[in-house]
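K.L.:
What follows is the file upload11.txt, containing compact mmCIF, C-alpha atoms:
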```txt
# COMPACT_ATOMS: atom_id res chain seq x y z
CA MET Z 62 0.00 0.00 0.00
CA HIS Z 63 2.82 2.40 0.78
CA TYR Z 64 4.27 1.85 -2.69
CA TYR Z 65 0.97 2.90 -4.32
CA LYS Z 66 0.80 6.07 -2.19
CA LEU Z 67 4.38 6.96 -3.10
CA ALA Z 68 3.72 6.44 -6.81
CA TYR Z 69 0.59 8.62 -6.57
CA LEU Z 70 2.52 11.43 -4.88
CA LEU Z 71 5.24 11.31 -7.54
CA LEU Z 72 2.62 11.47 -10.30
CA VAL Z 73 0.95 14.50 -8.70
CA CYS Z 74 4.28 16.30 -8.29
CA ALA Z 75 5.26 15.60 -11.90
CA SER Z 76 1.94 16.88 -13.23
CA SER Z 77 2.13 20.04 -11.12
CA THR Z 78 5.62 20.93 -12.37
CA THR Z 79 4.61 20.64 -16.01
CA THR Z 80 1.66 22.99 -15.83
CA GLY Z 81 3.88 25.98 -16.65
CA PHE Z 82 5.86 25.92 -19.95
CA HIS Z 83 9.64 25.77 -19.42
CA SER Z 84 12.00 25.47 -22.37
CA PRO Z 85 14.87 23.00 -22.11
CA THR Z 86 18.37 24.45 -21.85
CA LEU Z 87 20.85 22.78 -24.19
CA VAL Z 88 24.42 24.02 -24.44
CA SER Z 89 25.25 24.64 -28.08
CA SER Z 90 26.91 27.20 -30.29
CA SER Z 91 24.23 26.97 -32.94
CA SER Z 92 22.06 29.92 -33.74
CA THR Z 93 19.12 30.62 -31.49
CA SER Z 94 15.64 31.88 -32.20
CA THR Z 95 13.03 33.33 -29.89
CA ARG Z 96 9.28 32.86 -29.90
CA LYS Z 97 6.87 35.01 -27.89
CA ILE Z 98 4.61 32.95 -25.60
CA SER Z 99 3.00 35.74 -23.64
CA ARG Z 100 3.72 39.29 -22.59
CA ASP Z 101 6.25 38.29 -19.98
CA LYS Z 102 7.49 34.88 -21.17
CA THR Z 103 9.84 34.12 -24.06
CA THR Z 104 10.97 30.69 -25.16
CA ILE Z 105 14.57 30.35 -26.36
CA LEU Z 106 15.13 27.53 -28.82
CA TYR Z 107 18.62 26.06 -29.21
CA ASN Z 108 20.11 23.80 -31.91
CA VAL Z 109 17.97 25.43 -34.58
CA PRO Z 110 19.28 24.15 -37.95
CA PRO Z 111 20.33 26.76 -40.51
CA PRO Z 112 17.92 27.54 -43.33
CA SER Z 113 18.13 25.57 -46.54
CA ILE Z 114 20.61 26.69 -49.16
CA ASP Z 115 17.71 26.97 -51.60
CA GLY Z 116 15.69 29.05 -49.13
CA ASP Z 117 14.92 32.76 -48.95
CA PRO Z 118 18.17 34.75 -49.41
CA THR Z 119 17.09 37.23 -46.73
CA VAL Z 120 16.56 34.45 -44.20
CA ILE Z 121 19.94 32.94 -45.10
CA LYS Z 122 21.65 36.33 -44.70
CA ASN Z 123 20.05 37.01 -41.32
CA SER Z 124 21.03 33.56 -40.07
CA ALA Z 125 24.64 33.97 -41.25
CA ASP Z 126 24.87 37.40 -39.59
CA ARG Z 127 24.34 35.74 -36.20
CA GLU Z 128 26.17 32.47 -36.78
CA SER Z 129 28.49 31.47 -33.95
CA PRO Z 130 32.01 30.09 -34.33
CA PRO Z 131 32.13 26.30 -34.44
CA GLN Z 132 32.72 24.23 -31.33
CA SER Z 133 34.31 21.31 -33.20
CA PHE Z 134 36.18 20.63 -36.41
CA PHE Z 135 33.24 18.59 -37.68
CA GLN Z 136 30.90 21.54 -37.28
CA LEU Z 137 33.54 23.78 -38.84
CA GLN Z 138 33.77 21.59 -41.94
CA VAL Z 139 29.99 21.51 -42.36
CA ASN Z 140 29.61 25.27 -42.00
CA CYS Z 141 32.67 25.96 -44.14
CA ALA Z 142 31.41 23.86 -47.07
CA ARG Z 143 27.97 25.45 -46.78
CA ALA Z 144 29.40 29.00 -46.89
CA ALA Z 145 31.57 28.12 -49.88
CA GLU Z 146 28.64 26.65 -51.78
CA LEU Z 147 26.53 29.74 -51.11
CA ALA Z 148 29.32 31.94 -52.47
CA ILE Z 149 29.72 29.75 -55.55
CA ARG Z 150 25.97 29.92 -56.17
CA ASP Z 151 26.29 33.71 -56.15
CA GLY Z 152 28.90 33.52 -58.90
CA HIS Z 153 32.14 33.97 -56.93
CA ARG Z 154 35.06 32.13 -58.50
CA LEU Z 155 37.92 33.30 -56.26
CA ILE Z 156 37.20 32.45 -52.63
CA GLU Z 157 39.16 32.28 -49.40
CA VAL Z 158 38.77 29.93 -46.43
CA GLU Z 159 40.77 30.79 -43.32
CA PHE Z 160 40.73 29.25 -39.84
CA PRO Z 161 43.26 27.71 -37.41
CA PRO Z 162 44.06 24.20 -38.71
CA LEU Z 163 44.93 22.92 -35.23
CA PRO Z 164 43.70 23.74 -31.72
CA ALA Z 165 45.36 26.79 -30.17
CA GLN Z 166 47.11 24.77 -27.46
CA VAL Z 167 48.62 22.49 -30.12
CA LEU Z 168 49.84 25.34 -32.32
CA GLU Z 169 51.66 26.85 -29.33
CA MET Z 170 53.69 23.69 -28.69
CA ASP Z 171 57.39 23.89 -29.49
CA ASP Z 172 57.51 20.49 -31.16
CA VAL Z 173 54.84 21.33 -33.79
CA SER Z 174 56.63 21.73 -37.11
CA ALA Z 175 55.59 23.30 -40.39
CA TYR Z 176 55.10 19.79 -41.79
CA ASP Z 177 52.58 19.04 -39.02
CA VAL Z 178 50.60 22.16 -39.90
CA ALA Z 179 50.80 21.35 -43.62
CA GLU Z 180 49.59 17.81 -42.95
CA ALA Z 181 46.65 19.12 -40.91
CA ASN Z 182 45.74 21.55 -43.70
CA PHE Z 183 45.94 18.75 -46.25
CA LYS Z 184 43.59 16.51 -44.27
CA LEU Z 185 41.13 19.37 -43.71
CA ALA Z 186 41.26 20.34 -47.38
CA LEU Z 187 40.61 16.72 -48.30
CA ASP Z 188 37.45 16.65 -46.19
CA PHE Z 189 36.43 20.00 -47.68
CA ALA Z 190 36.89 18.60 -51.19
CA LYS Z 191 34.90 15.48 -50.34
CA SER Z 192 31.86 17.61 -49.47
CA PHE Z 193 31.72 18.77 -53.10
CA ALA Z 194 32.81 15.51 -54.72
CA ALA Z 195 30.10 13.64 -52.80
CA LYS Z 196 27.52 15.47 -54.90
CA ARG Z 197 28.57 13.24 -57.81
CA SER Z 198 26.64 10.33 -56.30
CA SER Z 199 23.80 12.38 -54.81
CA GLY Z 200 21.80 12.42 -58.01
CA ASN Z 201 21.95 12.12 -61.78
CA ASP Z 202 22.23 14.90 -64.32
CA GLU Z 203 18.49 15.01 -64.82
CA ASP Z 204 17.98 15.75 -61.13
CA ASP Z 205 20.51 18.59 -61.31
CA LYS Z 206 18.76 19.94 -64.40
CA ASN Z 207 15.36 19.88 -62.74
CA SER Z 208 16.79 21.49 -59.63
CA ASN Z 209 18.28 24.34 -61.63
CA GLU Z 210 15.04 24.86 -63.55
CA SER Z 211 12.98 24.94 -60.35
CA THR Z 212 15.20 27.50 -58.65
CA SER Z 213 15.85 29.75 -61.65
CA THR Z 214 12.69 31.69 -60.99
CA SER Z 215 13.87 32.79 -57.52
CA THR Z 216 17.44 33.85 -58.28
CA SER Z 217 19.43 34.61 -61.39
CA THR Z 218 22.56 32.86 -60.11
CA SER Z 219 20.95 29.50 -59.40
CA SER Z 220 22.17 28.17 -62.76
CA VAL Z 221 25.79 28.33 -61.58
CA LYS Z 222 27.28 24.85 -61.69
CA ILE Z 223 28.35 23.48 -58.32
CA PRO Z 224 31.79 21.84 -58.68
CA LYS Z 225 31.91 18.06 -58.37
CA ASN Z 226 35.46 17.35 -59.56
CA VAL Z 227 38.00 18.89 -57.19
CA ALA Z 228 41.79 19.09 -57.26
CA ILE Z 229 43.91 19.87 -54.19
CA LEU Z 230 47.02 21.73 -55.33
CA PHE Z 231 50.36 21.97 -53.57
CA PRO Z 232 52.89 24.58 -54.72
CA ASP Z 233 55.20 22.00 -56.33
CA GLU Z 234 55.64 18.28 -56.77
CA SER Z 235 58.13 17.88 -53.92
CA GLU Z 236 55.72 19.21 -51.30
CA MET Z 237 52.96 17.07 -52.76
CA GLY Z 238 55.18 14.00 -52.47
CA ILE Z 239 56.01 14.73 -48.84
CA ALA Z 240 52.33 15.16 -47.93
CA LEU Z 241 51.28 11.95 -49.69
CA GLU Z 242 54.08 10.03 -48.01
CA ARG Z 243 53.21 11.33 -44.53
CA THR Z 244 49.53 10.50 -44.95
CA SER Z 245 49.96 7.24 -46.92
CA LEU Z 246 47.53 8.44 -49.58
CA THR Z 247 47.54 8.32 -53.36
CA SER Z 248 47.00 11.12 -55.84
CA ASN Z 249 43.37 9.99 -56.18
CA PRO Z 250 42.30 9.45 -52.58
CA TYR Z 251 38.56 9.75 -53.21
CA PRO Z 252 36.22 9.61 -56.24
CA GLY Z 253 36.17 13.07 -57.78
CA VAL Z 254 39.19 14.31 -55.75
CA THR Z 255 42.68 14.64 -57.23
CA VAL Z 256 45.90 15.66 -55.49
CA SER Z 257 48.33 17.54 -57.72
CA SER Z 258 50.58 20.62 -57.75
CA LEU Z 259 50.55 24.06 -59.30
CA ARG Z 260 53.82 23.48 -61.12
CA CYS Z 261 53.92 20.13 -62.86
CA SER Z 262 56.98 19.11 -64.84
CA ASP Z 263 57.01 17.01 -67.97
CA PRO Z 264 56.84 13.28 -67.09
CA ARG Z 265 59.74 12.73 -69.51
CA ASP Z 266 61.92 15.20 -67.59
CA THR Z 267 64.08 13.07 -65.28
CA ARG Z 268 66.21 15.90 -63.88
CA PHE Z 269 66.47 15.96 -60.11
CA PHE Z 270 66.86 19.76 -59.91
CA LYS Z 271 64.62 21.92 -62.06
CA PRO Z 272 65.83 25.55 -61.90
CA GLU Z 273 62.88 26.93 -63.89
CA GLN Z 274 60.53 25.90 -61.06
CA THR Z 275 62.72 27.45 -58.39
CA PHE Z 276 63.89 30.77 -59.79
CA MET Z 277 60.70 31.75 -61.61
CA SER Z 278 58.78 31.18 -58.40
CA LEU Z 279 61.40 33.07 -56.40
CA PHE Z 280 61.01 36.27 -58.41
CA GLY Z 281 57.26 35.97 -58.95
CA GLY Z 282 57.51 35.50 -62.69
CA LYS Z 283 55.37 33.53 -65.09
CA SER Z 284 55.78 29.80 -65.11
CA GLY Z 285 56.65 29.56 -68.78
CA GLY Z 286 53.98 26.95 -69.51
CA ILE Z 287 54.61 24.79 -66.45
CA ILE Z 288 51.19 25.61 -64.97
CA LYS Z 289 48.40 23.88 -66.82
CA PRO Z 290 44.72 23.34 -65.95
CA ILE Z 291 43.66 19.80 -65.11
CA ALA Z 292 41.11 18.42 -67.52
CA GLY Z 293 37.67 17.88 -66.04
CA VAL Z 294 38.37 19.73 -62.77
CA ASP Z 295 35.74 22.26 -61.68
CA MET Z 296 37.40 23.47 -58.46
CA TYR Z 297 40.99 23.95 -57.28
CA ILE Z 298 41.88 24.07 -53.59
CA VAL Z 299 45.30 25.68 -53.12
CA ILE Z 300 47.11 24.88 -49.86
CA VAL Z 301 50.49 25.69 -48.20
CA ALA Z 302 51.46 28.24 -50.85
CA SER Z 303 53.72 31.18 -50.01
CA ALA Z 304 53.58 34.76 -51.26
CA GLN Z 305 56.16 33.93 -53.95
CA GLU Z 306 53.87 31.23 -55.32
CA LEU Z 307 50.69 33.30 -55.44
CA PRO Z 308 51.38 34.50 -59.02
CA ASP Z 309 51.04 30.85 -60.05
CA VAL Z 310 47.49 30.92 -58.68
CA GLU Z 311 46.78 34.07 -60.70
CA GLU Z 312 48.08 32.37 -63.84
CA LEU Z 313 45.90 29.33 -63.18
CA SER Z 314 42.82 31.58 -62.85
CA GLU Z 315 43.64 33.12 -66.23
CA LEU Z 316 44.10 29.72 -67.87
CA ASP Z 317 40.89 28.28 -66.40
CA PRO Z 318 38.55 31.24 -65.73
CA ASN Z 319 35.44 29.09 -65.32
CA ALA Z 320 36.86 27.03 -62.47
CA VAL Z 321 36.46 27.88 -58.79
CA ILE Z 322 39.75 28.56 -57.00
CA CYS Z 323 39.77 28.34 -53.20
CA LEU Z 324 42.75 29.70 -51.27
CA TYR Z 325 42.64 27.40 -48.27
CA ASN Z 326 44.29 28.48 -45.00
CA LEU Z 327 47.06 30.43 -46.74
CA LYS Z 328 47.03 33.27 -44.17
CA LEU Z 329 46.63 35.89 -46.87
CA ASP Z 330 46.81 38.66 -44.26
CA VAL Z 331 50.41 37.65 -43.57
CA LEU Z 332 51.29 37.08 -47.22
CA ARG Z 333 49.98 40.49 -48.22
CA GLY Z 334 52.49 42.06 -45.85
CA ASP Z 335 55.35 40.43 -47.81
CA LEU Z 336 54.34 42.00 -51.11
CA GLY Z 337 56.81 44.57 -52.36
CA ALA Z 338 59.79 43.06 -50.56
CA PRO Z 339 62.83 41.90 -52.54
CA ALA Z 340 62.21 38.61 -54.38
CA PHE Z 341 58.48 38.89 -53.68
CA PRO Z 342 55.62 39.95 -55.97
CA PRO Z 343 55.06 43.71 -56.18
CA LYS Z 344 52.41 45.54 -54.18
CA ASP Z 345 50.14 45.95 -57.19
CA PHE Z 346 49.55 42.19 -56.98
CA GLN Z 347 47.13 42.99 -54.15
CA ASP Z 348 45.19 45.36 -56.39
CA ARG Z 349 45.34 43.12 -59.43
CA PHE Z 350 44.50 39.75 -57.93
CA LEU Z 351 44.28 39.33 -54.15
CA SER Z 352 41.71 42.10 -53.73
CA ARG Z 353 39.30 40.00 -55.84
CA VAL Z 354 39.45 37.02 -53.47
CA LYS Z 355 36.20 36.74 -51.50
CA PRO Z 356 36.55 35.52 -47.87
CA VAL Z 357 33.65 33.09 -47.56
CA TYR Z 358 34.63 31.50 -44.23
CA TYR Z 359 36.99 33.49 -42.05
CA LEU Z 360 37.95 32.82 -38.45
CA ARG Z 361 40.99 34.73 -37.19
CA THR Z 362 41.82 34.92 -33.49
CA ARG Z 363 43.86 37.71 -31.89
CA GLN Z 364 45.38 38.14 -28.42
CA TYR Z 365 46.13 41.51 -26.83
CA SER Z 366 47.46 42.93 -23.54
CA ARG Z 367 46.83 46.31 -21.99
CA SER Z 368 48.35 47.92 -18.91
CA THR Z 369 46.10 49.64 -16.37
CA ALA Z 370 46.72 52.06 -13.49
CA THR Z 371 44.78 49.89 -11.06
CA PRO Z 372 45.05 46.21 -10.14
CA PRO Z 373 45.62 43.81 -11.83
CA TYR Z 374 47.75 46.35 -13.80
CA LEU Z 375 47.79 44.10 -16.86
CA VAL Z 376 44.71 42.84 -18.70
CA ASN Z 377 45.04 40.03 -21.23
CA TYR Z 378 42.11 39.67 -23.60
CA GLN Z 379 41.42 38.03 -26.91
CA GLY Z 380 38.74 37.81 -29.55
CA CYS Z 381 38.15 36.71 -33.11
CA LEU Z 382 37.00 38.19 -36.37
CA PHE Z 383 34.46 35.77 -37.81
CA ARG Z 384 32.57 35.66 -41.07
CA SER Z 385 30.43 32.97 -42.68
CA TYR Z 386 29.16 33.95 -46.12
CA PRO Z 387 26.85 35.73 -46.80
CA GLY Z 388 26.92 37.06 -43.24
CA GLU Z 389 28.71 40.12 -41.98
CA PHE Z 390 32.09 40.28 -40.27
CA GLN Z 391 31.51 39.79 -36.56
CA THR Z 392 33.79 41.12 -33.84
CA LEU Z 393 33.59 38.55 -31.04
CA LEU Z 394 35.09 38.82 -27.55
CA ASP Z 395 36.35 35.70 -25.81
CA THR Z 396 34.49 35.39 -22.50
CA GLY Z 397 37.01 32.96 -21.02
CA THR Z 398 34.34 30.26 -20.65
CA GLY Z 399 34.85 28.56 -24.00
CA SER Z 400 32.43 30.83 -25.84
CA TYR Z 401 32.39 34.21 -27.56
CA ARG Z 402 30.22 37.27 -27.07
CA ARG Z 403 29.23 39.33 -30.07
CA VAL Z 404 30.53 42.88 -29.83
CA GLN Z 405 29.70 44.33 -33.23
CA GLY Z 406 28.74 43.37 -36.76
CA ASN Z 407 30.45 44.96 -39.76
CA ALA Z 408 29.24 44.96 -43.34
CA MET Z 409 32.81 45.77 -44.41
CA ARG Z 410 35.74 43.83 -43.04
CA PRO Z 411 37.37 46.04 -40.38
CA PRO Z 412 41.13 46.59 -40.36
CA LEU Z 413 42.99 44.88 -37.53
CA GLY Z 414 43.50 48.18 -35.74
CA GLU Z 415 39.78 48.89 -35.80
CA PHE Z 416 39.04 45.32 -34.69
CA LYS Z 417 41.29 45.77 -31.65
CA GLU Z 418 39.60 49.08 -30.83
CA GLN Z 419 36.17 47.43 -30.92
CA LEU Z 420 37.31 44.81 -28.40
CA THR Z 421 38.87 47.48 -26.19
CA LYS Z 422 35.70 49.58 -26.13
CA ALA Z 423 33.68 46.52 -25.15
CA LEU Z 424 35.95 46.05 -22.13
CA GLN Z 425 35.68 49.74 -21.27
CA VAL Z 426 31.90 49.50 -21.22
CA GLU Z 427 32.15 46.61 -18.78
CA GLY Z 428 34.55 48.57 -16.58
CA ILE Z 429 37.44 46.15 -17.03
CA ILE Z 430 39.57 48.76 -18.78
CA GLN Z 431 39.43 52.43 -17.90
CA GLU Z 432 38.83 54.93 -20.66
CA GLU Z 433 41.82 57.16 -21.31
CA SER Z 434 42.24 60.61 -22.76
CA GLY Z 435 42.71 61.09 -26.46
CA PHE Z 436 46.41 61.89 -26.05
CA LEU Z 437 47.18 58.72 -24.09
CA ASN Z 438 45.15 56.68 -26.53
CA PHE Z 439 47.15 58.22 -29.39
CA LEU Z 440 50.38 57.19 -27.69
CA ARG Z 441 49.10 53.60 -27.56
CA THR Z 442 47.83 53.32 -31.12
CA GLY Z 443 49.95 55.81 -33.04
CA TYR Z 444 48.87 57.94 -35.96
CA LYS Z 445 48.39 54.99 -38.33
CA THR Z 446 46.27 51.96 -37.40
CA THR Z 447 45.99 50.29 -40.83
CA THR Z 448 48.45 48.59 -43.14
CA TRP Z 449 48.92 49.70 -46.71
CA TRP Z 450 46.73 46.96 -48.19
CA GLU Z 451 43.85 47.72 -45.79
CA GLU Z 452 43.55 51.29 -47.05
CA GLU Z 453 41.33 52.46 -49.88
CA ARG Z 454 43.22 51.91 -53.12
CA GLU Z 455 42.07 53.22 -56.48
CA ASP Z 456 42.74 50.11 -58.57
CA ALA Z 457 41.76 47.55 -55.92
CA SER Z 458 38.53 45.61 -55.68
CA ASP Z 459 36.37 45.56 -52.54
CA ALA Z 460 35.64 41.83 -52.82
CA TRP Z 461 38.20 40.91 -50.16
CA ARG Z 462 36.50 43.09 -47.55
CA THR Z 463 32.78 42.48 -48.28
```
Kindly present the structure from the file in structure tokens form.

P.N.:
Amino acid sequence: MHYYKLAYLLLVCASSTTTGFHSPTLVSSSSTSTRKISRDKTTILYNVPPPSIDGDPTVIKNSADRESPPQSFFQLQVNCARAAELAIRDGHRLIEVEFPPLPAQVLEMDDVSAYDVAEANFKLALDFAKSFAAKRSSGNDEDDKNSNESTSTSTSTSSVKIPKNVAILFPDESEMGIALERTSLTSNPYPGVTVSSLRCSDPRDTRFFKPEQTFMSLFGGKSGGIIKPIAGVDMYIVIVASAQELPDVEELSELDPNAVICLYNLKLDVLRGDLGAPAFPPKDFQDRFLSRVKPVYYLRTRQYSRSTATPPYLVNYQGCLFRSYPGEFQTLLDTGTGSYRRVQGNAMRPPLGEFKEQLTKALQVEGIIQEESGFLNFLRTGYKTTTWWEEEREDASDAWRT
């Protein structure tokens, strides 16, 4: 009898606690949406999936504007491929993908070599390429034709062909050989995916040292016919290229203008700073080519320190500049709890100096950093807060900053 009374009491308690509506709380970095229940109650929904790629462009844009940075590399790959496909559907042929290839604590280790980073980028690029090559088996040509016809009434760019044959390009054959040896893969690791190099020598050339590949690349000159498009390839993913090898990418885009070229984790912000130096491409290379590269998925973290007149006398803070196409560039402040807080959204990509200032003002609002006079602030920042390639240039395109 006591067991029946206890069961009855538990049933009554359970029914009484469910009379009021309470939304479940799930920890996730996915976008959230709110729904009004009454005048004083709002339900917050988590893990809301992003809108369909074929959905309303306004809904897609609003969702991308509030997208959060990924919490895992799997989520990063999914979001990255989605942003790239959206950009390709809008007709962009030169795109950039940039994010840390390894966790921050791993990149800071002393025993992590450049080959380890290159291997990580190769594996990530391979997964990125698979997301497009997998569309080869998702349906036949008739299905693709019907899909294009059904969506042509909603957007004029829906007829753009989504690439299904992808080539991952290393700067030269030696680096490609090292990567394949370290990963125990072949040059055709997956159906529709090919691993090759920008500069490919003649198979009949048995020379061990090929000076035309070395010196032409060193001085940023043309390849002299060494660079050739790969037959049947719709998309090239360029990895581990340096600033001296970027003119090869420009030449490839001229030889195959209909193909999509993705500059994958090349740290273009760093490479742009090398332009104009001896044995590097000239500065007008930024205006001529790099300014046309559209950042479709961009995640760049920055760490800063600032001294204060009161304890703790030194404040360390960090944040990231994040963009997922077609969303805006978001300035996000690291809260120290494994998540980011949105500080500001920018339609135009802010220079690094402006990005730092946005983070600093957010800390001043919270009272963590005291606001200083204009003169002291000038002494901290100087008279110039932008690099030469971040400034408005007459012959440059705005694609890299929109």

K.L.:
Atom CA of Z:Ser113 and atom CA of Z:Leu324 are how many Å apart?

P.N.:
25.4 Å

K.L.:
Please compute the atom CA of Z:Gly116-atom CA of Z:Arg150 distance, one decimal, in Å.

P.N.:
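Distance reported for this atom pair: 12.5 Å.
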
K.L.:
Which is closer to Z:Val294 than all the others in Z:Asp172, Z:Asp317, Z:Glu242, Z:Asp309, using all atoms listed in the file?

P.N.:
Z:Asp317

K.L.:
Please list as a PyMOL selection string every residue within 8 Å of Z:Tyr358, counting only C-alpha atoms and excluding residues in the same chain fewer than 5 positions away.

P.N.:
chain Z and resi 141+144-145+157-160+383-386

K.L.:
Give me the residues within 10 Å of Z:Gln138 as a count of residues only, counting all atoms listed in the file and dropping any in the same chain fewer than 5 places off.

P.N.:
9

K.L.:
Can you tell me how far atom CA of Z:Glu451 sits from atom CA of Z:Leu316, in Å to one decimal?

P.N.:
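According to the coordinates, atom CA of Z:Glu451 and atom CA of Z:Leu316 are separated by 28.5 Å.
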
K.L.:
Can you work out which one of Z:Ile287, Z:Val167, Z:Ala240, Z:Cys381 has the shortest atom-to-atom distance to Z:Pro130, counting all atoms listed in the file?

P.N.:
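Looking only at the distances to Z:Pro130, the closest residue turns out to be Z:Cys381.
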
K.L.:
My list of candidates is Z:Ala460, Z:Ala370, Z:Leu375, Z:Leu393. Which is closest to Z:Arg127 when distances are computed with only C-alpha atoms?

P.N.:
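Ranking Z:Ala460, Z:Ala370, Z:Leu375, Z:Leu393 by distance to Z:Arg127, first place goes to Z:Leu393.
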
K.L.:
Do a neighbour search on stretch 222-235 of chain Z at 6 Å with all atoms listed in the file, toss out local chain neighbours closer than 5 positions, and write the hits as an MDAnalysis selection string.

P.N.:
chainID Z and resid 193:194 197 253:260 294:300 302

K.L.:
So that I can check the surroundings of Z:Arg243, please list as a PyMOL selection string every protein, DNA and RNA residue that reaches within 10 Å of it, counting all atoms listed in the file and ignoring chain neighbours fewer than 5 positions away.

P.N.:
chain Z and resi 176-177+180+238

K.L.:
Under the rule of at most 8 Å, produce a per-residue listing of stretch 316-390 of chain Z near stretch 447-450 of chain Z: chain, number, name, the closest pair of atoms, and the distance in Å, as a tab-separated table, using only C-alpha atoms.

P.N.:
```
residue	atom	partner	partner_atom	distance
Z:Arg333	CA	Z:Trp450	CA	7.2
Z:Gly334	CA	Z:Trp450	CA	7.9
Z:Gln347	CA	Z:Trp450	CA	7.2
```

K.L.:
Which is closer to Z:Asp330 than all the others in Z:Trp461, Z:Phe134, Z:Tyr365, Z:Phe183, using all atoms listed in the file?

P.N.:
Z:Trp461

K.L.:
May I have the residues at most 9 Å from (45.7, 41.0, -52.4) in the file's coordinates, counting all atoms listed in the file, as an MDAnalysis selection string?

P.N.:
chainID Z and resid 329:330 332:333 336 344:354 450 457 461

K.L.:
Could you write those residues out with C-alpha atoms, as an mmCIF file, in the frame of the given file?

P.N.:
```cif
data_model
loop_
_atom_site.group_PDB
_atom_site.id
_atom_site.type_symbol
_atom_site.label_atom_id
_atom_site.label_comp_id
_atom_site.auth_asym_id
_atom_site.auth_seq_id
_atom_site.Cartn_x
_atom_site.Cartn_y
_atom_site.Cartn_z
ATOM 1 C CA LEU Z 329 46.630 35.890 -46.870
ATOM 2 C CA ASP Z 330 46.810 38.660 -44.260
ATOM 3 C CA LEU Z 332 51.290 37.080 -47.220
ATOM 4 C CA ARG Z 333 49.980 40.490 -48.220
ATOM 5 C CA LEU Z 336 54.340 42.000 -51.110
ATOM 6 C CA LYS Z 344 52.410 45.540 -54.180
ATOM 7 C CA ASP Z 345 50.140 45.950 -57.190
ATOM 8 C CA PHE Z 346 49.550 42.190 -56.980
ATOM 9 C CA GLN Z 347 47.130 42.990 -54.150
ATOM 10 C CA ASP Z 348 45.190 45.360 -56.390
ATOM 11 C CA ARG Z 349 45.340 43.120 -59.430
ATOM 12 C CA PHE Z 350 44.500 39.750 -57.930
ATOM 13 C CA LEU Z 351 44.280 39.330 -54.150
ATOM 14 C CA SER Z 352 41.710 42.100 -53.730
ATOM 15 C CA ARG Z 353 39.300 40.000 -55.840
ATOM 16 C CA VAL Z 354 39.450 37.020 -53.470
ATOM 17 C CA TRP Z 450 46.730 46.960 -48.190
ATOM 18 C CA ALA Z 457 41.760 47.550 -55.920
ATOM 19 C CA TRP Z 461 38.200 40.910 -50.160
#
```

K.L.:
Kindly compute an axis-aligned box around the listed atoms of stretch 252-258 of chain Z, allowing 3 Å on each side, and express its centre and edge lengths in Å to one decimal as AutoDock Vina command-line options.

P.N.:
```
--center_x 43.4 --center_y 15.1 --center_z -56.6 --size_x 20.4 --size_y 17.0 --size_z 8.3
```

K.L.:
Considering all atoms listed in the file, state which residue in the set Z:Gly380, Z:Pro373, Z:Pro343, Z:Gly293 is at the smallest distance from Z:Leu420.

P.N.:
Z:Gly380

K.L.:
Let me make sure I understand: among Z:Pro372, Z:Arg462, Z:Glu311, Z:Gln391, which one has the smallest atom-to-atom distance to Z:Pro412 if we use only C-alpha atoms?

P.N.:
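Closest to Z:Pro412, using only C-alpha atoms: Z:Arg462.
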
K.L.:
If we count only C-alpha atoms, what is near Z:Ala408 at a cut-off of 10 Å, once residues fewer than 2 positions away on the same chain are taken out, given as a list in words?

P.N.:
Asp126, Gly388, Glu389, Phe390, Gln391, Gly406, Arg410, Pro411, Arg462 and Thr463 of chain Z
